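What follows is a single structure, written as structure tokens, with notes after it.
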There are 2 protein chains.
Amino acid sequence: MIYLDNAATSWPKPEGVYRAMDTFFRELGANPGRAGFRMAAEAGKVIREARVLLKDFFNASSPDHIIFTLNCTDALNIALKGLLSPGDHVITSCLEHNSVSRPLNRIAKSGVVYSRVPHNQDGLIEPEEIKKMIRPETKLIVLAHASNVLGTVEPVREIGHIAAEHGIIFLLDAAQTAGALPIDLKEMKINLLACPGHKGLMGPTGTGVLAINGLEGIASFREGGTGSLSEEPVQPSRFPDRLEAGTPNTVGIAGLKAGVEFIMEKGLEKIRSHELSLIDLLLKGLLSIPGVTVYGTQRAEGRSGLVSFNIEGWEPQDVAAVLESKFDIACRAGLHCAPWAHGFLGTLPYGAVRFSVGYFNTESEIKTAIEAVSALAGY
Amino acid sequence: MIYLDNAATSWPKPEGVYRAMDTFFRELGANPGRAGFRMAAEAGKVIREARVLLKDFFNASSPDHIIFTLNCTDALNIALKGLLSPGDHVITSCLEHNSVSRPLNRIAKSGVVYSRVPHNQDGLIEPEEIKKMIRPETKLIVLAHASNVLGTVEPVREIGHIAAEHGIIFLLDAAQTAGALPIDLKEMKINLLACPGHKGLMGPTGTGVLAINGLEGIASFREGGTGSLSEEPVQPSRFPDRLEAGTPNTVGIAGLKAGVEFIMEKGLEKIRSHELSLIDLLLKGLLSIPGVTVYGTQRAEGRSGLVSFNIEGWEPQDVAAVLESKFDIACRAGLHCAPWAHGFLGTLPYGAVRFSVGYFNTESEIKTAIEAVSALAGY
């Protein structure tokens, strides 16, 4: 099988991720919490090491500012609901995943107001447009680092600096970029980063991260046992306990740690460079096929690891079905949980076909995929 | 090592759980969502089978009424925050874990009121006492099936019937009992059951369940992508999508499924009977040691799989440390995230030592543990 659904979840994982999880689960399966016995303490040590690793990886303000969550959506909900109060204004875009849009719509019912910044034909947001939308009550800017439909990488450093100048919190949804593009919270002036553990970071499902850069004013989303200050009737205020409650996904975090170790060992630059060469090949190939419409920028450099397209005369779901049955290619067709982006592209209600690459894809796989699309397009 | 911390997380797991996770992760690691390709569809099938299995296991109203969560705390937060509005009254107990008390205290700030029903010396709640506390605005009764400190099993069937008669929702925290004691939502008139996947159900950390019995009026807690109705700007109202958002912990759910299959294959009765014989042995042994105070009921039948105790002249943390260093026994000392229960026992601020058994413990291990406590007590 040629797996081109890495934007949904990366697969396969590095061998070390499978092994780390199985070994941890069998040998260190205890609950870290506050128990003093060796196995619990060693399980706690692995979790701590994962925090330190991710703190370094994203340049967050402290290992305690690495919050482990169920998934990226959970991290985004924690951030949005912990930050926003009635009367607050939020700037977001038209390219957001439902993981941002739906919680925002929920909060909007209680008096939070949001505006959507426009973008150009390629899906690029002009930082100056954001500046124009700032109001005295603007509390937050929340944006996807790269749209999961268009793949366009947004100028987050510039946006981060604008946010900082205006004392506005900047929350980045790095679902498509964490582990694939360099992200430096301090340097890019990002206050909060939400990402899944199971995509670019190469960990398992059931893991997500909310990384914090020096932000203190965020209320708890989920209260419960923390193994700390157990006599307190309310959630402890210190991090990470404030935003983590109940038994963490220890087994998953052990796998996530192994995934990030793999990335750091290979080097993010090398991973990005490999994925970029695949995207370049894919883009050029698809653009050269008559009857194929490719969405988003035509420059590989301005993209995360995905390309969405349609073939004239085909519904995207049928394209995906035939790609699998005839060519053993696994990809994703539809709206990709981002209806506004498809509305902009004029691809409602069926959406598009999306190819998304990962570190383990090869040039030869991409060539096969291009040939397959070519065959379907009748060339 | 003699592992007696099963009330925190069960360990080891059945071999099939380790294998199911590793195989699933390696072979079916795709994101179920809406993609049509085989691997994604097969991953989705495993998740669906787990829902059907748990629906049968708890006698919930439908497989769609099995909600997968991060942990039991997440399930409790989803239930409490999805149900309660300002002005509502809640009946709870003095024996709750912080996973119930802390979210209740959080919601109390916005005008939800709660009362704590009393219990007797053994930690048993008299259903008639609950009846007395019912007010016109009582919306919910939330109780632990068994205290994680005292182990006392509460008369949930009677309480469920009282709740049903009064049109009050009954939410059961089955953190200590799911997979260890029979629970039938319909027969016991339980509307909502929250439990972890990694304790009695023998699955991995990172999994929890909220099982619903015919209850519709519960608002979403976490909004985001569901792979369904992607064009909708708000969370879909149908279950399980209403209460699940983002990529689920597919790998963990595959492990949880294997855990529940193990229980169903062995038979819950057999598992309970084995644990009961261990608890009976443990109780009798500890009660016979001078200077040892055992908390809770002296009848094994009225207990979940744990016994908390203290040794005269010892701080519980020191007992646990010596039990490990000298006898290789892993247990948990402290407040167990249940400060009210320890307040009642007069064991603040240090708490107690807790031994908690699981299916894989043996009589010989329990005898060793009793001898170890005896030696520490000076006998």
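Every chain in the structure tokens has a letter given in the order shown (A, B, ...), and although residue numbers restart at 1 in each chain, ligands are simply numbered from 1 in the order shown.
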Selection near Val322 (chain A), 10 Å with only C-alpha atoms, sequence-local residues under 5 positions removed, as a list in words: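 The residues satisfying every condition are Pro316, Gln317, Phe327, Asp328, Ile329, Ala372, Val373 and Leu376 of chain A; Phe37 of chain B.
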Hey, could you lay chain A over chain B with a least-squares C-alpha fit (all atoms, paired in order) and save it as a compact mmCIF listing (two decimals) with C-alpha atoms, in the first residue's frame?
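Ended up saving to result-v4.txt:
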```
# COMPACT_ATOMS: atom_id res chain seq x y z
CA MET A 1 7.64 -7.50 42.64
CA ILE A 2 4.27 -7.94 44.33
CA TYR A 3 2.05 -5.37 42.66
CA LEU A 4 -0.72 -4.13 44.97
CA ASP A 5 -1.61 -0.84 43.28
CA ASN A 6 -4.36 -2.13 40.99
CA ALA A 7 -6.75 0.58 42.19
CA ALA A 8 -4.44 3.13 40.50
CA THR A 9 -3.95 1.06 37.37
CA SER A 10 -4.15 -2.67 36.83
CA TRP A 11 -0.88 -4.41 36.07
CA PRO A 12 0.14 -6.59 34.41
CA LYS A 13 -2.40 -6.67 31.61
CA PRO A 14 -3.53 -9.84 29.85
CA GLU A 15 -1.00 -10.78 27.14
CA GLY A 16 -3.75 -10.24 24.55
CA VAL A 17 -3.97 -6.55 25.47
CA TYR A 18 -0.27 -5.93 24.77
CA ARG A 19 -0.50 -7.86 21.53
CA ALA A 20 -3.72 -6.24 20.36
CA MET A 21 -2.23 -2.79 20.77
CA ASP A 22 1.05 -3.55 19.07
CA THR A 23 -0.63 -5.34 16.17
CA PHE A 24 -3.28 -2.66 15.72
CA PHE A 25 -0.68 0.11 15.85
CA ARG A 26 1.59 -1.56 13.30
CA GLU A 27 -1.09 -2.83 10.94
CA LEU A 28 -4.12 -0.60 11.34
CA GLY A 29 -2.51 2.65 12.44
CA ALA A 30 -4.66 4.76 10.08
CA ASN A 31 -7.12 7.38 11.25
CA PRO A 32 -10.62 5.92 11.07
CA GLY A 33 -12.50 9.20 10.43
CA ARG A 34 -14.23 9.20 7.08
CA ALA A 35 -11.51 7.92 4.78
CA GLY A 36 -12.71 5.04 2.68
CA PHE A 37 -9.50 3.08 2.29
CA ARG A 38 -9.30 -0.37 3.76
CA MET A 39 -6.91 0.31 6.64
CA ALA A 40 -8.95 3.29 7.83
CA ALA A 41 -12.16 1.31 7.50
CA GLU A 42 -10.70 -1.62 9.45
CA ALA A 43 -9.47 0.73 12.17
CA GLY A 44 -13.00 2.13 12.31
CA LYS A 45 -14.36 -1.40 12.56
CA VAL A 46 -12.25 -2.14 15.65
CA ILE A 47 -13.52 1.04 17.33
CA ARG A 48 -17.07 0.08 16.45
CA GLU A 49 -16.61 -3.43 17.82
CA ALA A 50 -15.28 -1.96 21.06
CA ARG A 51 -18.43 0.16 21.33
CA VAL A 52 -20.67 -2.87 20.78
CA LEU A 53 -18.71 -4.89 23.33
CA LEU A 54 -18.91 -2.20 26.02
CA LYS A 55 -22.57 -1.57 25.28
CA ASP A 56 -23.24 -5.24 26.01
CA PHE A 57 -20.87 -5.31 28.98
CA PHE A 58 -22.66 -2.47 30.79
CA ASN A 59 -26.07 -2.91 29.14
CA ALA A 60 -26.00 0.64 27.80
CA SER A 61 -28.72 1.82 25.44
CA SER A 62 -26.71 1.65 22.19
CA PRO A 63 -23.15 1.28 20.87
CA ASP A 64 -23.39 4.98 19.96
CA HIS A 65 -23.91 5.66 23.66
CA ILE A 66 -20.42 4.41 24.46
CA ILE A 67 -18.22 7.52 24.51
CA PHE A 68 -14.45 7.09 24.50
CA THR A 69 -12.59 9.58 26.67
CA LEU A 70 -9.04 10.32 27.86
CA ASN A 71 -9.64 8.81 31.30
CA CYS A 72 -12.35 8.49 33.92
CA THR A 73 -11.83 12.10 35.02
CA ASP A 74 -12.48 13.25 31.46
CA ALA A 75 -15.67 11.16 31.36
CA LEU A 76 -16.85 12.68 34.66
CA ASN A 77 -16.10 16.22 33.46
CA ILE A 78 -18.00 15.59 30.22
CA ALA A 79 -21.00 14.34 32.19
CA LEU A 80 -21.03 16.97 34.94
CA LYS A 81 -20.41 19.94 32.65
CA GLY A 82 -22.73 18.70 29.94
CA LEU A 83 -25.61 18.23 32.37
CA LEU A 84 -25.51 20.98 34.96
CA SER A 85 -26.67 24.58 34.68
CA PRO A 86 -26.83 27.40 37.22
CA GLY A 87 -29.59 26.72 39.73
CA ASP A 88 -29.31 22.95 39.55
CA HIS A 89 -28.88 20.97 42.75
CA VAL A 90 -26.64 17.90 42.96
CA ILE A 91 -26.45 15.17 45.58
CA THR A 92 -23.02 13.67 46.11
CA SER A 93 -21.15 12.06 49.01
CA CYS A 94 -18.21 12.72 51.33
CA LEU A 95 -16.34 9.80 49.81
CA GLU A 96 -15.80 11.14 46.33
CA HIS A 97 -12.51 11.23 44.49
CA ASN A 98 -11.23 14.65 43.42
CA SER A 99 -12.36 13.68 39.91
CA VAL A 100 -15.91 14.37 41.10
CA SER A 101 -15.31 16.93 43.87
CA ARG A 102 -13.06 19.28 41.93
CA PRO A 103 -15.27 19.66 38.85
CA LEU A 104 -18.26 20.10 41.18
CA ASN A 105 -16.44 22.84 43.05
CA ARG A 106 -15.59 24.48 39.75
CA ILE A 107 -19.22 24.38 38.56
CA ALA A 108 -20.41 25.57 41.96
CA LYS A 109 -18.81 28.93 41.15
CA SER A 110 -21.40 29.45 38.43
CA GLY A 111 -24.38 28.71 40.65
CA VAL A 112 -24.70 24.94 40.80
CA VAL A 113 -25.35 23.83 44.38
CA TYR A 114 -24.42 20.48 45.84
CA SER A 115 -25.07 18.56 49.07
CA ARG A 116 -23.04 15.70 50.51
CA VAL A 117 -25.01 12.73 51.76
CA PRO A 118 -23.70 11.23 55.02
CA HIS A 119 -22.44 7.66 55.36
CA ASN A 120 -21.94 5.30 58.28
CA GLN A 121 -18.68 4.29 59.96
CA ASP A 122 -17.97 1.74 57.22
CA GLY A 123 -18.55 4.30 54.48
CA LEU A 124 -21.95 2.92 53.57
CA ILE A 125 -24.57 5.34 52.27
CA GLU A 126 -28.14 4.70 53.33
CA PRO A 127 -30.43 5.20 50.29
CA GLU A 128 -33.09 6.73 52.56
CA GLU A 129 -30.62 9.52 53.41
CA ILE A 130 -30.45 10.39 49.73
CA LYS A 131 -34.24 10.52 49.52
CA LYS A 132 -34.28 13.09 52.32
CA MET A 133 -31.93 15.39 50.44
CA ILE A 134 -33.96 15.57 47.23
CA ARG A 135 -35.22 19.05 46.36
CA PRO A 136 -37.40 20.19 43.49
CA GLU A 137 -34.28 21.47 41.72
CA THR A 138 -32.22 18.30 42.26
CA LYS A 139 -31.01 17.37 38.79
CA LEU A 140 -28.28 14.85 39.49
CA ILE A 141 -27.00 12.25 41.93
CA VAL A 142 -23.30 11.51 41.45
CA LEU A 143 -21.59 8.85 43.53
CA ALA A 144 -18.62 6.55 43.50
CA HIS A 145 -19.71 2.93 43.22
CA ALA A 146 -16.97 2.15 45.74
CA SER A 147 -14.74 4.61 47.57
CA ASN A 148 -11.13 4.39 46.44
CA VAL A 149 -10.06 4.70 50.09
CA LEU A 150 -12.59 2.60 52.03
CA GLY A 151 -13.52 0.21 49.25
CA THR A 152 -17.11 0.10 50.48
CA VAL A 153 -19.52 -0.87 47.71
CA GLU A 154 -22.56 1.38 47.76
CA PRO A 155 -26.14 0.19 47.19
CA VAL A 156 -26.33 1.64 43.68
CA ARG A 157 -29.36 -0.33 42.56
CA GLU A 158 -31.48 1.12 45.36
CA ILE A 159 -30.11 4.59 44.76
CA GLY A 160 -30.72 4.24 41.02
CA HIS A 161 -34.34 3.34 41.61
CA ILE A 162 -34.81 6.30 43.95
CA ALA A 163 -33.29 8.59 41.31
CA ALA A 164 -35.56 7.17 38.61
CA GLU A 165 -38.67 7.56 40.77
CA HIS A 166 -37.86 11.22 41.26
CA GLY A 167 -36.82 11.91 37.67
CA ILE A 168 -33.26 12.64 38.75
CA ILE A 169 -30.24 11.71 36.62
CA PHE A 170 -27.89 9.18 38.24
CA LEU A 171 -24.20 9.36 37.32
CA LEU A 172 -22.04 6.54 38.67
CA ASP A 173 -18.28 6.86 39.08
CA ALA A 174 -17.24 3.26 38.53
CA ALA A 175 -13.49 3.92 38.70
CA GLN A 176 -13.01 1.16 41.25
CA THR A 177 -15.65 -1.28 40.09
CA ALA A 178 -15.95 -1.43 36.29
CA GLY A 179 -14.59 -4.81 35.28
CA ALA A 180 -14.61 -6.05 38.86
CA LEU A 181 -18.28 -5.95 39.90
CA PRO A 182 -21.35 -6.56 37.74
CA ILE A 183 -22.91 -3.31 36.50
CA ASP A 184 -26.13 -3.26 34.50
CA LEU A 185 -27.16 0.28 33.58
CA LYS A 186 -30.74 -0.55 32.68
CA GLU A 187 -31.42 -2.83 35.59
CA MET A 188 -29.72 -0.54 38.13
CA LYS A 189 -31.33 2.59 36.65
CA ILE A 190 -27.99 4.26 36.07
CA ASN A 191 -28.18 6.98 33.42
CA LEU A 192 -24.46 7.58 33.04
CA LEU A 193 -21.45 5.53 34.00
CA ALA A 194 -17.92 6.90 33.97
CA CYS A 195 -14.96 4.58 34.23
CA PRO A 196 -11.29 4.31 33.32
CA GLY A 197 -10.14 1.81 30.71
CA HIS A 198 -6.89 1.04 32.50
CA LYS A 199 -8.10 -0.32 35.85
CA GLY A 200 -10.60 -3.17 36.13
CA LEU A 201 -11.25 -3.21 32.38
CA MET A 202 -7.57 -4.14 31.90
CA GLY A 203 -6.97 -1.77 29.00
CA PRO A 204 -4.22 0.83 28.66
CA THR A 205 -3.90 4.32 30.11
CA GLY A 206 -5.29 7.01 27.81
CA THR A 207 -8.69 5.34 27.71
CA GLY A 208 -11.88 6.05 29.61
CA VAL A 209 -15.55 5.41 28.96
CA LEU A 210 -18.74 7.35 29.46
CA ALA A 211 -21.58 4.88 28.98
CA ILE A 212 -25.04 6.33 28.49
CA ASN A 213 -28.38 4.74 29.22
CA GLY A 214 -31.09 6.49 27.25
CA LEU A 215 -30.14 10.04 28.18
CA GLU A 216 -30.25 12.66 25.44
CA GLY A 217 -29.91 16.02 27.17
CA ILE A 218 -26.18 16.38 27.53
CA ALA A 219 -24.27 19.22 25.91
CA SER A 220 -20.89 18.86 24.22
CA PHE A 221 -17.80 19.43 26.32
CA ARG A 222 -15.14 19.37 23.63
CA GLU A 223 -15.98 20.44 20.08
CA GLY A 224 -14.01 19.73 16.94
CA GLY A 225 -13.72 17.46 13.95
CA THR A 226 -15.85 14.36 13.97
CA GLY A 227 -15.42 13.21 10.40
CA SER A 228 -19.21 13.58 10.19
CA LEU A 229 -21.36 16.49 9.00
CA SER A 230 -18.15 18.42 8.41
CA GLU A 231 -20.07 21.27 6.81
CA GLU A 232 -21.87 21.98 10.10
CA PRO A 233 -20.36 24.90 12.02
CA VAL A 234 -21.35 23.32 15.34
CA GLN A 235 -20.80 19.93 16.96
CA PRO A 236 -23.17 17.30 15.49
CA SER A 237 -25.97 16.41 17.91
CA ARG A 238 -25.90 12.67 17.28
CA PHE A 239 -23.96 10.31 19.53
CA PRO A 240 -21.14 9.44 19.87
CA ASP A 241 -20.01 12.45 17.80
CA ARG A 242 -21.63 14.97 20.15
CA LEU A 243 -19.26 13.98 22.94
CA GLU A 244 -16.22 12.88 20.94
CA ALA A 245 -14.07 15.27 18.93
CA GLY A 246 -10.74 14.91 17.23
CA THR A 247 -8.88 11.69 16.54
CA PRO A 248 -9.78 9.05 19.12
CA ASN A 249 -7.15 6.98 20.91
CA THR A 250 -7.53 4.19 18.37
CA VAL A 251 -4.52 2.22 19.59
CA GLY A 252 -5.69 2.46 23.20
CA ILE A 253 -9.25 1.49 22.30
CA ALA A 254 -7.93 -1.60 20.52
CA GLY A 255 -6.18 -2.52 23.78
CA LEU A 256 -9.27 -1.77 25.85
CA LYS A 257 -11.33 -4.01 23.59
CA ALA A 258 -8.88 -6.84 24.22
CA GLY A 259 -9.09 -6.20 27.97
CA VAL A 260 -12.89 -6.42 28.00
CA GLU A 261 -12.75 -9.52 25.79
CA PHE A 262 -10.45 -11.11 28.36
CA ILE A 263 -12.93 -10.33 31.15
CA MET A 264 -15.87 -11.69 29.18
CA GLU A 265 -13.94 -14.82 28.30
CA LYS A 266 -12.88 -15.50 31.89
CA GLY A 267 -16.24 -14.40 33.24
CA LEU A 268 -16.76 -11.45 35.55
CA GLU A 269 -18.01 -13.81 38.29
CA LYS A 270 -14.76 -15.76 38.27
CA ILE A 271 -12.68 -12.58 38.39
CA ARG A 272 -14.76 -11.16 41.23
CA SER A 273 -14.63 -14.42 43.12
CA HIS A 274 -10.83 -14.58 42.86
CA GLU A 275 -10.41 -10.97 43.97
CA LEU A 276 -12.89 -11.48 46.78
CA SER A 277 -10.94 -14.44 48.13
CA LEU A 278 -7.77 -12.34 48.09
CA ILE A 279 -9.50 -9.46 49.86
CA ASP A 280 -10.95 -11.84 52.43
CA LEU A 281 -7.49 -13.22 53.13
CA LEU A 282 -5.99 -9.74 53.28
CA LEU A 283 -8.69 -8.36 55.56
CA LYS A 284 -8.49 -11.25 58.01
CA GLY A 285 -4.72 -11.09 58.00
CA LEU A 286 -4.46 -7.36 58.59
CA LEU A 287 -7.22 -7.33 61.21
CA SER A 288 -5.35 -9.94 63.20
CA ILE A 289 -2.20 -7.83 63.54
CA PRO A 290 -2.09 -5.74 66.74
CA GLY A 291 -1.38 -2.08 66.07
CA VAL A 292 -2.87 -2.20 62.56
CA THR A 293 -5.99 -0.14 61.91
CA VAL A 294 -8.04 -1.27 58.93
CA TYR A 295 -10.52 1.26 57.49
CA GLY A 296 -13.95 0.42 56.18
CA THR A 297 -16.16 -2.60 56.42
CA GLN A 298 -14.72 -5.85 57.77
CA ARG A 299 -16.78 -7.94 55.33
CA ALA A 300 -14.93 -8.75 52.13
CA GLU A 301 -18.23 -9.06 50.24
CA GLY A 302 -19.03 -5.40 50.81
CA ARG A 303 -15.73 -4.25 49.32
CA SER A 304 -14.10 -3.59 46.00
CA GLY A 305 -10.58 -4.96 45.66
CA LEU A 306 -8.78 -2.78 48.16
CA VAL A 307 -7.92 -2.43 51.84
CA SER A 308 -6.53 0.76 53.42
CA PHE A 309 -4.77 0.64 56.75
CA ASN A 310 -2.22 2.23 59.03
CA ILE A 311 0.34 0.84 61.43
CA GLU A 312 0.58 2.45 64.84
CA GLY A 313 3.70 4.57 65.14
CA TRP A 314 4.35 4.64 61.40
CA GLU A 315 3.64 7.26 58.78
CA PRO A 316 1.99 5.57 55.81
CA GLN A 317 4.61 6.87 53.36
CA ASP A 318 7.33 5.18 55.42
CA VAL A 319 5.38 1.94 55.50
CA ALA A 320 5.10 1.97 51.70
CA ALA A 321 8.80 2.79 51.32
CA VAL A 322 9.92 -0.06 53.57
CA LEU A 323 7.40 -2.47 52.01
CA GLU A 324 9.10 -1.81 48.70
CA SER A 325 12.71 -1.73 49.79
CA LYS A 326 12.57 -4.75 52.10
CA PHE A 327 9.73 -6.83 50.67
CA ASP A 328 9.46 -5.73 47.02
CA ILE A 329 5.80 -4.84 47.52
CA ALA A 330 4.40 -1.98 45.42
CA CYS A 331 1.46 -0.14 46.98
CA ARG A 332 0.21 3.42 47.44
CA ALA A 333 0.32 5.60 50.55
CA GLY A 334 -1.23 9.03 50.98
CA LEU A 335 -4.58 10.69 50.40
CA HIS A 336 -5.48 8.86 47.18
CA CYS A 337 -7.02 12.09 45.81
CA ALA A 338 -9.89 11.70 48.25
CA PRO A 339 -9.27 14.19 51.09
CA TRP A 340 -12.82 14.10 52.48
CA ALA A 341 -12.64 10.36 53.01
CA HIS A 342 -9.38 10.76 54.91
CA GLY A 343 -10.86 13.65 56.86
CA PHE A 344 -13.64 11.33 57.96
CA LEU A 345 -11.15 8.62 58.95
CA GLY A 346 -9.04 11.11 60.88
CA THR A 347 -6.05 10.20 58.74
CA LEU A 348 -5.14 13.69 57.51
CA PRO A 349 -2.57 14.87 56.58
CA TYR A 350 -0.65 11.65 55.85
CA GLY A 351 -3.48 9.40 54.75
CA ALA A 352 -3.14 5.65 54.79
CA VAL A 353 -1.46 2.71 53.09
CA ARG A 354 -3.60 1.08 50.42
CA PHE A 355 -3.26 -2.47 49.10
CA SER A 356 -5.35 -3.08 45.99
CA VAL A 357 -5.56 -6.44 44.28
CA GLY A 358 -6.21 -7.55 40.73
CA TYR A 359 -6.91 -10.71 38.81
CA PHE A 360 -3.23 -11.58 38.49
CA ASN A 361 -2.44 -11.43 42.20
CA THR A 362 -2.06 -14.74 44.04
CA GLU A 363 -2.80 -16.00 47.54
CA SER A 364 0.87 -16.44 48.17
CA GLU A 365 1.50 -12.76 47.34
CA ILE A 366 -1.18 -11.72 49.80
CA LYS A 367 0.31 -13.92 52.50
CA THR A 368 3.71 -12.33 51.93
CA ALA A 369 2.13 -8.88 52.16
CA ILE A 370 0.42 -9.74 55.45
CA GLU A 371 3.68 -11.11 56.85
CA ALA A 372 5.46 -7.94 55.79
CA VAL A 373 2.94 -5.69 57.55
CA SER A 374 3.17 -7.96 60.57
CA ALA A 375 6.93 -7.56 60.65
CA LEU A 376 6.66 -3.78 60.40
CA ALA A 377 4.09 -3.73 63.21
CA GLY A 378 6.60 -5.61 65.32
CA TYR A 379 4.97 -9.04 65.35
```
